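Quick look at model-v8.pdb (PDB, C-alpha atoms):
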ATOM      1  CA  MET T   1     -14.938  31.745  26.113  1.00  0.00           C
ATOM      2  CA  ALA T   2     -14.713  31.540  22.304  1.00  0.00           C
ATOM      3  CA  ARG T   3     -15.506  28.260  20.594  1.00  0.00           C
ATOM      4  CA  ALA T   4     -12.428  26.225  19.593  1.00  0.00           C
ATOM      5  CA  ALA T   5     -11.590  26.204  15.880  1.00  0.00           C
ATOM      6  CA  THR T   6     -12.064  22.418  15.684  1.00  0.00           C
ATOM      7  CA  PRO T   7     -13.286  19.725  18.075  1.00  0.00           C
ATOM      8  CA  ALA T   8      -9.712  18.398  18.314  1.00  0.00           C
ATOM      9  CA  ILE T   9      -8.419  21.758  19.529  1.00  0.00           C
ATOM     10  CA  GLY T  10     -11.396  21.969  21.881  1.00  0.00           C
ATOM     11  CA  VAL T  11     -10.354  18.702  23.540  1.00  0.00           C
ATOM     12  CA  LEU T  12      -6.834  20.017  24.115  1.00  0.00           C
ATOM     13  CA  VAL T  13      -8.012  23.360  25.455  1.00  0.00           C
ATOM     14  CA  ALA T  14     -10.592  21.772  27.783  1.00  0.00           C
ATOM     15  CA  ASP T  15      -7.973  19.376  29.126  1.00  0.00           C
ATOM     16  CA  GLY T  16      -5.291  22.030  29.522  1.00  0.00           C
ATOM     17  CA  ALA T  17      -2.845  19.859  27.599  1.00  0.00           C
ATOM     18  CA  GLY T  18       0.130  21.746  26.198  1.00  0.00           C
ATOM     19  CA  HIS T  19      -0.093  22.063  22.441  1.00  0.00           C
ATOM     20  CA  GLU T  20       0.843  24.240  19.506  1.00  0.00           C
ATOM     21  CA  ILE T  21      -1.234  24.662  16.366  1.00  0.00           C
ATOM     22  CA  LEU T  22       0.832  24.614  13.189  1.00  0.00           C
ATOM     23  CA  ARG T  23      -0.741  25.700   9.921  1.00  0.00           C
ATOM     24  CA  TYR T  24       0.468  25.278   6.376  1.00  0.00           C
ATOM     25  CA  HIS T  25      -0.913  25.961   2.915  1.00  0.00           C
ATOM     26  CA  HIS T  26      -3.081  23.035   1.835  1.00  0.00           C
ATOM     27  CA  ASP T  27      -3.287  22.525  -1.913  1.00  0.00           C
ATOM     28  CA  PRO T  28      -6.852  21.339  -2.628  1.00  0.00           C
ATOM     29  CA  ARG T  29      -5.550  19.309  -5.576  1.00  0.00           C
ATOM     30  CA  THR T  30      -3.355  17.097  -3.383  1.00  0.00           C
ATOM     31  CA  GLU T  31      -4.256  13.487  -2.788  1.00  0.00           C
ATOM     32  CA  SER T  32      -1.362  12.768  -0.446  1.00  0.00           C
ATOM     33  CA  PHE T  33      -2.353  14.719   2.641  1.00  0.00           C
ATOM     34  CA  GLY T  34       0.314  13.250   4.926  1.00  0.00           C
ATOM     35  CA  ASP T  35       3.146  13.844   2.485  1.00  0.00           C
ATOM     36  CA  GLU T  36       1.953  17.429   2.083  1.00  0.00           C
ATOM     37  CA  ALA T  37       2.105  17.918   5.871  1.00  0.00           C
ATOM     38  CA  VAL T  38       5.595  16.422   6.107  1.00  0.00           C
ATOM     39  CA  ALA T  39       6.878  18.588   3.245  1.00  0.00           C
ATOM     40  CA  ALA T  40       5.414  21.723   4.804  1.00  0.00           C
ATOM     41  CA  LEU T  41       6.229  21.114   8.466  1.00  0.00           C
ATOM     42  CA  ALA T  42       9.272  18.877   8.988  1.00  0.00           C
ATOM     43  CA  ASP T  43      12.083  21.178   7.884  1.00  0.00           C
ATOM     44  CA  ALA T  44      10.258  24.378   8.846  1.00  0.00           C
ATOM     45  CA  HIS T  45       9.934  23.219  12.455  1.00  0.00           C
ATOM     46  CA  GLY T  46      13.026  21.033  12.812  1.00  0.00           C
ATOM     47  CA  LEU T  47      11.048  17.798  12.952  1.00  0.00           C
ATOM     48  CA  ALA T  48      11.780  14.275  11.823  1.00  0.00           C
ATOM     49  CA  ALA T  49       9.238  12.915   9.345  1.00  0.00           C
ATOM     50  CA  GLY T  50       8.433  10.188  11.900  1.00  0.00           C
ATOM     51  CA  GLN T  51       7.109  12.818  14.322  1.00  0.00           C
ATOM     52  CA  ILE T  52       4.303  13.723  11.944  1.00  0.00           C
ATOM     53  CA  LEU T  53       1.494  11.230  12.341  1.00  0.00           C
ATOM     54  CA  LYS T  54      -1.394  10.172  10.144  1.00  0.00           C
ATOM     55  CA  THR T  55      -4.764   8.998  11.378  1.00  0.00           C
ATOM     56  CA  LEU T  56      -6.267   6.001   9.600  1.00  0.00           C
ATOM     57  CA  VAL T  57      -9.793   4.768  10.243  1.00  0.00           C
ATOM     58  CA  LEU T  58     -10.176   1.007  10.182  1.00  0.00           C
ATOM     59  CA  ALA T  59     -13.162  -1.268   9.774  1.00  0.00           C
ATOM     60  CA  VAL T  60     -13.096  -3.934  12.476  1.00  0.00           C
ATOM     61  CA  PRO T  61     -15.682  -6.516  13.499  1.00  0.00           C
ATOM     62  CA  GLY T  62     -18.449  -4.589  15.235  1.00  0.00           C
ATOM     63  CA  GLY T  63     -17.525  -1.141  13.951  1.00  0.00           C
ATOM     64  CA  LEU T  64     -14.605   1.193  13.379  1.00  0.00           C
ATOM     65  CA  ALA T  65     -11.261   1.867  15.044  1.00  0.00           C
ATOM     66  CA  VAL T  66      -8.331   4.237  14.582  1.00  0.00           C
ATOM     67  CA  ALA T  67      -4.623   3.667  13.943  1.00  0.00           C
ATOM     68  CA  VAL T  68      -2.155   6.535  14.392  1.00  0.00           C
ATOM     69  CA  LEU T  69       1.302   6.107  12.882  1.00  0.00           C
ATOM     70  CA  PRO T  70       4.131   8.074  11.249  1.00  0.00           C
ATOM     71  CA  VAL T  71       3.243   9.464   7.815  1.00  0.00           C
ATOM     72  CA  PRO T  72       6.178   7.805   6.007  1.00  0.00           C
ATOM     73  CA  SER T  73       5.291   4.349   7.381  1.00  0.00           C
ATOM     74  CA  LYS T  74       2.866   1.696   6.212  1.00  0.00           C
ATOM     75  CA  LEU T  75       0.348   0.140   8.570  1.00  0.00           C
ATOM     76  CA  SER T  76       0.302  -3.567   9.338  1.00  0.00           C
ATOM     77  CA  LEU T  77      -3.423  -4.295   9.465  1.00  0.00           C
ATOM     78  CA  LYS T  78      -2.655  -7.593  11.189  1.00  0.00           C
ATOM     79  CA  ALA T  79      -0.617  -5.876  13.931  1.00  0.00           C
ATOM     80  CA  ALA T  80      -3.274  -3.173  14.363  1.00  0.00           C
ATOM     81  CA  ALA T  81      -6.006  -5.789  14.716  1.00  0.00           C
ATOM     82  CA  ALA T  82      -3.964  -7.678  17.305  1.00  0.00           C
ATOM     83  CA  ALA T  83      -3.313  -4.481  19.279  1.00  0.00           C
ATOM     84  CA  LEU T  84      -7.026  -3.649  19.207  1.00  0.00           C
ATOM     85  CA  GLY T  85      -7.968  -7.178  20.266  1.00  0.00           C
ATOM     86  CA  VAL T  86      -9.926  -8.008  17.127  1.00  0.00           C
ATOM     87  CA  PRO T  87      -9.429 -10.826  14.623  1.00  0.00           C
ATOM     88  CA  LYS T  88      -8.992  -8.590  11.567  1.00  0.00           C
ATOM     89  CA  ALA T  89      -8.962  -5.022  10.323  1.00  0.00           C
ATOM     90  CA  THR T  90      -9.359  -3.436   6.908  1.00  0.00           C
ATOM     91  CA  MET T  91      -9.313   0.170   5.797  1.00  0.00           C
ATOM     92  CA  ALA T  92     -12.676   1.828   6.380  1.00  0.00           C
ATOM     93  CA  GLU T  93     -14.558   3.366   3.494  1.00  0.00           C
ATOM     94  CA  ARG T  94     -14.096   7.116   3.192  1.00  0.00           C
ATOM     95  CA  ALA T  95     -17.769   7.914   3.810  1.00  0.00           C
ATOM     96  CA  ALA T  96     -17.878   5.763   6.949  1.00  0.00           C
ATOM     97  CA  ALA T  97     -14.684   7.360   8.296  1.00  0.00           C
ATOM     98  CA  GLU T  98     -15.931  10.891   7.681  1.00  0.00           C
ATOM     99  CA  ARG T  99     -19.412  10.187   9.077  1.00  0.00           C
ATOM    100  CA  SER T 100     -18.085   8.566  12.248  1.00  0.00           C
ATOM    101  CA  THR T 101     -15.305  11.047  13.021  1.00  0.00           C
ATOM    102  CA  GLY T 102     -16.983  14.254  11.886  1.00  0.00           C
ATOM    103  CA  TYR T 103     -13.875  15.200   9.920  1.00  0.00           C
ATOM    104  CA  VAL T 104     -13.062  15.133   6.201  1.00  0.00           C
ATOM    105  CA  LEU T 105     -10.384  12.871   4.770  1.00  0.00           C
ATOM    106  CA  GLY T 106      -7.026  14.616   5.045  1.00  0.00           C
ATOM    107  CA  GLY T 107      -8.192  16.379   8.203  1.00  0.00           C
ATOM    108  CA  ILE T 108      -9.196  13.417  10.359  1.00  0.00           C
ATOM    109  CA  SER T 109      -7.816  13.924  13.826  1.00  0.00           C
ATOM    110  CA  PRO T 110      -7.555  11.201  16.456  1.00  0.00           C
ATOM    111  CA  LEU T 111      -8.837  13.834  18.909  1.00  0.00           C
ATOM    112  CA  GLY T 112     -12.371  15.171  19.234  1.00  0.00           C
ATOM    113  CA  GLN T 113     -14.105  12.652  17.030  1.00  0.00           C
ATOM    114  CA  ARG T 114     -17.919  12.529  17.060  1.00  0.00           C
ATOM    115  CA  LYS T 115     -17.774   9.077  18.583  1.00  0.00           C
ATOM    116  CA  ALA T 116     -14.738   7.877  20.499  1.00  0.00           C
ATOM    117  CA  LEU T 117     -13.304   4.921  18.609  1.00  0.00           C
ATOM    118  CA  PRO T 118     -10.867   2.287  19.874  1.00  0.00           C
ATOM    119  CA  THR T 119      -7.434   3.679  19.026  1.00  0.00           C
ATOM    120  CA  VAL T 120      -3.907   2.327  18.701  1.00  0.00           C
ATOM    121  CA  VAL T 121      -0.889   4.630  18.455  1.00  0.00           C
ATOM    122  CA  ASP T 122       2.321   3.216  17.052  1.00  0.00           C
ATOM    123  CA  SER T 123       4.879   2.918  19.831  1.00  0.00           C
ATOM    124  CA  SER T 124       7.475   4.810  17.765  1.00  0.00           C
ATOM    125  CA  ALA T 125       5.617   8.024  18.691  1.00  0.00           C
ATOM    126  CA  LEU T 126       6.785   7.617  22.282  1.00  0.00           C
ATOM    127  CA  ARG T 127      10.419   8.217  21.250  1.00  0.00           C
ATOM    128  CA  PHE T 128       9.786  11.901  20.613  1.00  0.00           C
ATOM    129  CA  PRO T 129       9.145  14.772  23.043  1.00  0.00           C
ATOM    130  CA  ARG T 130       6.339  15.937  20.779  1.00  0.00           C
ATOM    131  CA  VAL T 131       4.462  14.627  17.784  1.00  0.00           C
ATOM    132  CA  LEU T 132       2.123  16.226  15.280  1.00  0.00           C
ATOM    133  CA  CYS T 133      -1.287  14.989  14.236  1.00  0.00           C
ATOM    134  CA  SER T 134      -4.142  16.580  12.372  1.00  0.00           C
ATOM    135  CA  ALA T 135      -5.891  19.342  14.275  1.00  0.00           C
ATOM    136  CA  GLY T 136      -9.126  18.445  12.484  1.00  0.00           C
ATOM    137  CA  LYS T 137      -8.814  20.560   9.378  1.00  0.00           C
ATOM    138  CA  ARG T 138      -6.735  20.177   6.219  1.00  0.00           C
ATOM    139  CA  GLY T 139      -3.635  22.349   6.560  1.00  0.00           C
ATOM    140  CA  TRP T 140      -3.789  22.375  10.378  1.00  0.00           C
ATOM    141  CA  ASP T 141      -1.695  20.144  12.611  1.00  0.00           C
ATOM    142  CA  VAL T 142      -1.280  20.191  16.357  1.00  0.00           C
ATOM    143  CA  ALA T 143       1.968  19.465  18.201  1.00  0.00           C
ATOM    144  CA  LEU T 144       1.604  17.745  21.562  1.00  0.00           C
ATOM    145  CA  ALA T 145       3.340  15.290  23.862  1.00  0.00           C
ATOM    146  CA  PRO T 146       2.766  11.706  22.714  1.00  0.00           C
ATOM    147  CA  ALA T 147       1.664  10.776  26.254  1.00  0.00           C
ATOM    148  CA  ASP T 148      -1.134  13.370  25.969  1.00  0.00           C
ATOM    149  CA  LEU T 149      -2.177  11.968  22.594  1.00  0.00           C
ATOM    150  CA  VAL T 150      -2.392   8.470  24.064  1.00  0.00           C
ATOM    151  CA  ARG T 151      -4.217   9.639  27.200  1.00  0.00           C
ATOM    152  CA  LEU T 152      -6.743  11.866  25.441  1.00  0.00           C
ATOM    153  CA  THR T 153      -7.655   9.216  22.871  1.00  0.00           C
ATOM    154  CA  GLY T 154      -7.683   6.339  25.368  1.00  0.00           C
ATOM    155  CA  ALA T 155      -5.285   4.597  23.004  1.00  0.00           C
ATOM    156  CA  VAL T 156      -3.172   1.536  23.416  1.00  0.00           C
ATOM    157  CA  THR T 157       0.367   1.656  22.066  1.00  0.00           C
ATOM    158  CA  ALA T 158       1.867  -1.128  19.999  1.00  0.00           C
ATOM    159  CA  ASP T 159       4.228  -1.772  17.121  1.00  0.00           C
ATOM    160  CA  ILE T 160       1.817  -1.525  14.174  1.00  0.00           C
ATOM    161  CA  LEU T 161       4.154  -0.732  11.294  1.00  0.00           C
ATOM    162  CA  ALA T 162       4.491  -3.060   8.338  1.00  0.00           C
ATOM    163  CA  THR T 163       7.951  -4.535   8.002  1.00  0.00           C
TER
END
Can the structure in the file be given as C-alpha coordinates, please?
Amino acid sequence: MARAATPAIGVLVADGAGHEILRYHHDPRTESFGDEAVAALADAHGLAAGQILKTLVLAVPGGLAVAVLPVPSKLSLKAAAAALGVPKATMAERAAAERSTGYVLGGISPLGQRKALPTVVDSSALRFPRVLCSAGKRGWDVALAPADLVRLTGAVTADILAT
(Lines of atoms letter the chains of each structure in order from A and count residues from 1; the text may use other names and numbers.)
(Lines give C-alpha, C1' and ligand atoms only; values in the text may rest on other atoms or scores of the structure.)
Protein backbone atom coordinates (compact mmCIF):
# COMPACT_ATOMS: atom_id res chain seq x y z
CA MET A 1 0.00 0.00 0.00
CA ALA A 2 1.26 3.51 -0.82
CA ARG A 3 2.30 5.79 2.02
CA ALA A 4 -0.34 8.37 3.02
CA ALA A 5 0.35 11.95 1.92
CA THR A 6 0.45 13.16 5.54
CA PRO A 7 0.35 11.47 8.95
CA ALA A 8 -3.15 12.90 9.48
CA ILE A 9 -4.45 11.21 6.34
CA GLY A 10 -2.63 8.04 7.38
CA VAL A 11 -4.58 7.96 10.65
CA LEU A 12 -7.88 8.24 8.79
CA VAL A 13 -6.97 5.59 6.23
CA ALA A 14 -5.69 3.15 8.88
CA ASP A 15 -8.87 3.62 10.90
CA GLY A 16 -11.19 3.34 7.92
CA ALA A 17 -12.91 6.57 8.95
CA GLY A 18 -14.88 8.23 6.17
CA HIS A 19 -13.17 11.38 4.97
CA GLU A 20 -12.65 13.61 1.97
CA ILE A 21 -9.47 15.55 1.24
CA LEU A 22 -10.13 19.08 0.03
CA ARG A 23 -7.29 21.09 -1.47
CA TYR A 24 -7.06 24.78 -2.23
CA HIS A 25 -4.37 27.15 -3.45
CA HIS A 26 -2.28 28.29 -0.49
CA ASP A 27 -0.68 31.70 -0.91
CA PRO A 28 2.73 31.49 0.81
CA ARG A 29 2.48 35.18 1.70
CA THR A 30 -0.62 34.69 3.86
CA GLU A 31 -0.41 34.99 7.61
CA SER A 32 -4.05 34.14 8.24
CA PHE A 33 -4.15 30.45 7.40
CA GLY A 34 -7.63 29.80 8.78
CA ASP A 35 -9.21 32.74 6.99
CA GLU A 36 -7.57 31.56 3.76
CA ALA A 37 -9.14 28.11 4.22
CA VAL A 38 -12.59 29.56 4.93
CA ALA A 39 -12.41 31.85 1.89
CA ALA A 40 -11.34 28.98 -0.35
CA LEU A 41 -13.59 26.21 0.97
CA ALA A 42 -16.81 27.49 2.54
CA ASP A 43 -18.70 28.71 -0.52
CA ALA A 44 -17.07 26.22 -2.89
CA HIS A 45 -18.31 23.28 -0.82
CA GLY A 46 -21.51 24.71 0.66
CA LEU A 47 -20.10 24.93 4.17
CA ALA A 48 -20.70 27.29 7.05
CA ALA A 49 -17.56 29.05 8.26
CA GLY A 50 -18.11 27.37 11.65
CA GLN A 51 -17.57 23.94 10.07
CA ILE A 52 -13.97 24.80 9.23
CA LEU A 53 -11.83 24.28 12.29
CA LYS A 54 -8.44 25.57 13.37
CA THR A 55 -5.97 23.70 15.52
CA LEU A 56 -4.22 25.70 18.23
CA VAL A 57 -1.38 24.32 20.32
CA LEU A 58 -1.40 25.43 23.93
CA ALA A 59 1.24 25.49 26.62
CA VAL A 60 -0.16 23.96 29.80
CA PRO A 61 1.53 22.98 33.06
CA GLY A 62 3.59 19.89 32.28
CA GLY A 63 3.61 20.26 28.51
CA LEU A 64 1.41 21.03 25.53
CA ALA A 65 -2.22 20.48 24.58
CA VAL A 66 -4.47 21.14 21.59
CA ALA A 67 -7.67 23.16 21.16
CA VAL A 68 -9.79 22.70 18.03
CA LEU A 69 -12.41 25.35 17.30
CA PRO A 70 -14.15 27.14 14.42
CA VAL A 71 -11.85 29.44 12.44
CA PRO A 72 -14.00 32.57 12.91
CA SER A 73 -14.09 32.14 16.71
CA LYS A 74 -11.70 33.18 19.44
CA LEU A 75 -10.49 30.73 22.05
CA SER A 76 -11.14 31.20 25.75
CA LEU A 77 -7.86 30.04 27.28
CA LYS A 78 -9.59 29.82 30.66
CA ALA A 79 -12.34 27.55 29.28
CA ALA A 80 -9.80 25.40 27.42
CA ALA A 81 -7.72 24.98 30.57
CA ALA A 82 -10.80 23.98 32.56
CA ALA A 83 -11.82 21.45 29.90
CA LEU A 84 -8.31 19.98 29.91
CA GLY A 85 -8.24 19.84 33.71
CA VAL A 86 -5.31 22.21 34.13
CA PRO A 87 -5.09 25.48 36.05
CA LYS A 88 -4.05 27.63 33.07
CA ALA A 89 -3.21 27.62 29.39
CA THR A 90 -1.35 30.01 27.12
CA MET A 91 -0.57 29.87 23.43
CA ALA A 92 2.45 27.68 22.74
CA GLU A 93 5.47 29.11 20.98
CA ARG A 94 5.56 28.35 17.26
CA ALA A 95 8.76 26.29 17.47
CA ALA A 96 7.41 24.16 20.31
CA ALA A 97 4.13 23.55 18.45
CA GLU A 98 5.89 22.56 15.24
CA ARG A 99 8.45 20.35 17.01
CA SER A 100 5.82 18.51 19.05
CA THR A 101 3.24 17.99 16.30
CA GLY A 102 5.56 17.41 13.35
CA TYR A 103 3.59 19.92 11.29
CA VAL A 104 4.30 23.51 10.24
CA LEU A 105 2.17 26.40 11.43
CA GLY A 106 -0.82 26.76 9.12
CA GLY A 107 -0.81 23.01 8.51
CA ILE A 108 -1.05 21.69 12.06
CA SER A 109 -3.61 18.93 12.16
CA PRO A 110 -5.17 17.55 15.33
CA LEU A 111 -4.67 14.11 13.74
CA GLY A 112 -1.43 12.20 13.34
CA GLN A 113 0.75 14.35 15.53
CA ARG A 114 4.21 13.06 16.49
CA LYS A 115 3.12 12.85 20.09
CA ALA A 116 -0.54 12.57 21.05
CA LEU A 117 -1.42 15.66 23.05
CA PRO A 118 -4.43 16.21 25.32
CA THR A 119 -7.08 17.69 23.04
CA VAL A 120 -10.33 19.61 23.47
CA VAL A 121 -12.74 20.14 20.58
CA ASP A 122 -15.28 22.92 20.86
CA SER A 123 -18.74 21.43 21.28
CA SER A 124 -20.10 23.55 18.41
CA ALA A 125 -18.42 21.08 16.02
CA LEU A 126 -20.94 18.43 17.05
CA ARG A 127 -23.79 20.39 15.44
CA PHE A 128 -22.57 19.58 11.94
CA PRO A 129 -22.63 16.30 9.98
CA ARG A 130 -19.05 16.98 8.93
CA VAL A 131 -16.31 19.40 9.82
CA LEU A 132 -13.02 20.32 8.19
CA CYS A 133 -9.62 20.47 9.83
CA SER A 134 -6.12 20.64 8.49
CA ALA A 135 -4.97 17.48 6.74
CA GLY A 136 -1.40 18.25 7.84
CA LYS A 137 -0.25 20.44 5.00
CA ARG A 138 -0.96 24.06 4.11
CA GLY A 139 -3.69 24.14 1.47
CA TRP A 140 -5.04 20.70 2.44
CA ASP A 141 -8.07 20.14 4.65
CA VAL A 142 -9.91 16.95 5.46
CA ALA A 143 -13.67 16.66 5.90
CA LEU A 144 -14.84 14.10 8.45
CA ALA A 145 -17.59 13.43 10.97
CA PRO A 146 -16.99 15.38 14.18
CA ALA A 147 -17.47 12.16 16.19
CA ASP A 148 -14.52 10.64 14.28
CA LEU A 149 -12.40 13.72 14.98
CA VAL A 150 -13.15 13.44 18.70
CA ARG A 151 -12.59 9.68 18.78
CA LEU A 152 -9.35 9.67 16.79
CA THR A 153 -7.79 12.47 18.84
CA GLY A 154 -9.05 11.15 22.19
CA ALA A 155 -10.51 14.62 22.71
CA VAL A 156 -12.93 15.94 25.24
CA THR A 157 -15.62 18.31 24.02
CA ALA A 158 -16.48 21.53 25.80
CA ASP A 159 -17.58 25.08 25.16
CA ILE A 160 -14.20 26.79 24.71
CA LEU A 161 -15.13 29.89 22.73
CA ALA A 162 -14.53 33.36 24.11
CA THR A 163 -17.72 35.30 24.66
Open item on the list: I need the output of the PyMOL selection byres ((chain T and resi 69) around 8) for this file as JSON, numbers by chain; which residues are they?
Closed with: {"T": [53, 54, 55, 67, 68, 70, 71, 73, 75, 121, 122, 124, 125, 160, 161]}
Task: Selected residue of minimal separation from His45 of chain T among T:Leu22, T:Ala8, T:Leu105, T:Leu58, counting all atoms listed in the file - done: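 Ranking T:Leu22, T:Ala8, T:Leu105, T:Leu58 by distance to His45 of chain T, first place goes to T:Leu22.
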Open item on the list: Expand the PyMOL selection byres ((chain T and resi 26) around 12) into the explicit residue set it covers here, and present it as a ChimeraX atom specification.
Closed with: /T:23-25,27-41,106-107,137-141
Open item on the list: Taking the file as I've supplied it (selection: the PyMOL selection byres ((chain T and resi 116-118) around 12)), which residues are included? Please answer as an MDAnalysis selection string.
Closed with: chainID T and resid 8 55:68 80:81 83:86 97 100:102 109:115 119:121 150 152:157
TODO: Measuring atom to atom with only C-alpha atoms, identify which of T:Arg99, T:Ala14, T:Gly50, T:Leu149 is nearest to Phe128 of chain T.
DONE: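 Nearest candidate to Phe128 of chain T out of T:Arg99, T:Ala14, T:Gly50, T:Leu149: T:Gly50.
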Open item on the list: One number please: atom CA of Val13 of chain T to atom CA of Ala42 of chain T, in Å, one decimal.
Closed with: 24.3 Å
Task: Option closest in space to Arg94 of chain T, from T:Leu132, T:Val142, T:Ala162, T:Ile108 [counting all atoms listed in the file] - done: T:Ile108
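Our summary of the geometry notes that atom CA of Ala44 of chain T is positioned 20.3 Å from atom CA of Gly18 of chain T.
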TODO: Counting all atoms listed in the file, figure out which residue out of T:Ala79, T:Cys133, T:Ala158, T:Ala147 gets nearest to Ile21 of chain T.
DONE: T:Cys133
Task: For Pro129 of chain T: contacts at 10 Å, only C-alpha atoms, fewer than 3 positions along chain excluded, given as a PyMOL selection string - done: chain T and resi 51+125-126+143-147
Task: Computed interatomic separation between atom CA of Asp148 of chain T and atom CA of Ser123 of chain T (Å) - done: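 Calculated distance between atom CA of Asp148 of chain T and atom CA of Ser123 of chain T is 13.5 Å.
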Which centre and which edge lengths, in Å to one decimal, describe the axis-aligned box that holds all listed atoms of segment 115-133 of chain T after 5 Å is added on each side, as JSON?
{"center_x": -3.7, "center_y": 9.3, "center_z": 18.6, "size_x": 38.2, "size_y": 23.9, "size_z": 18.8}
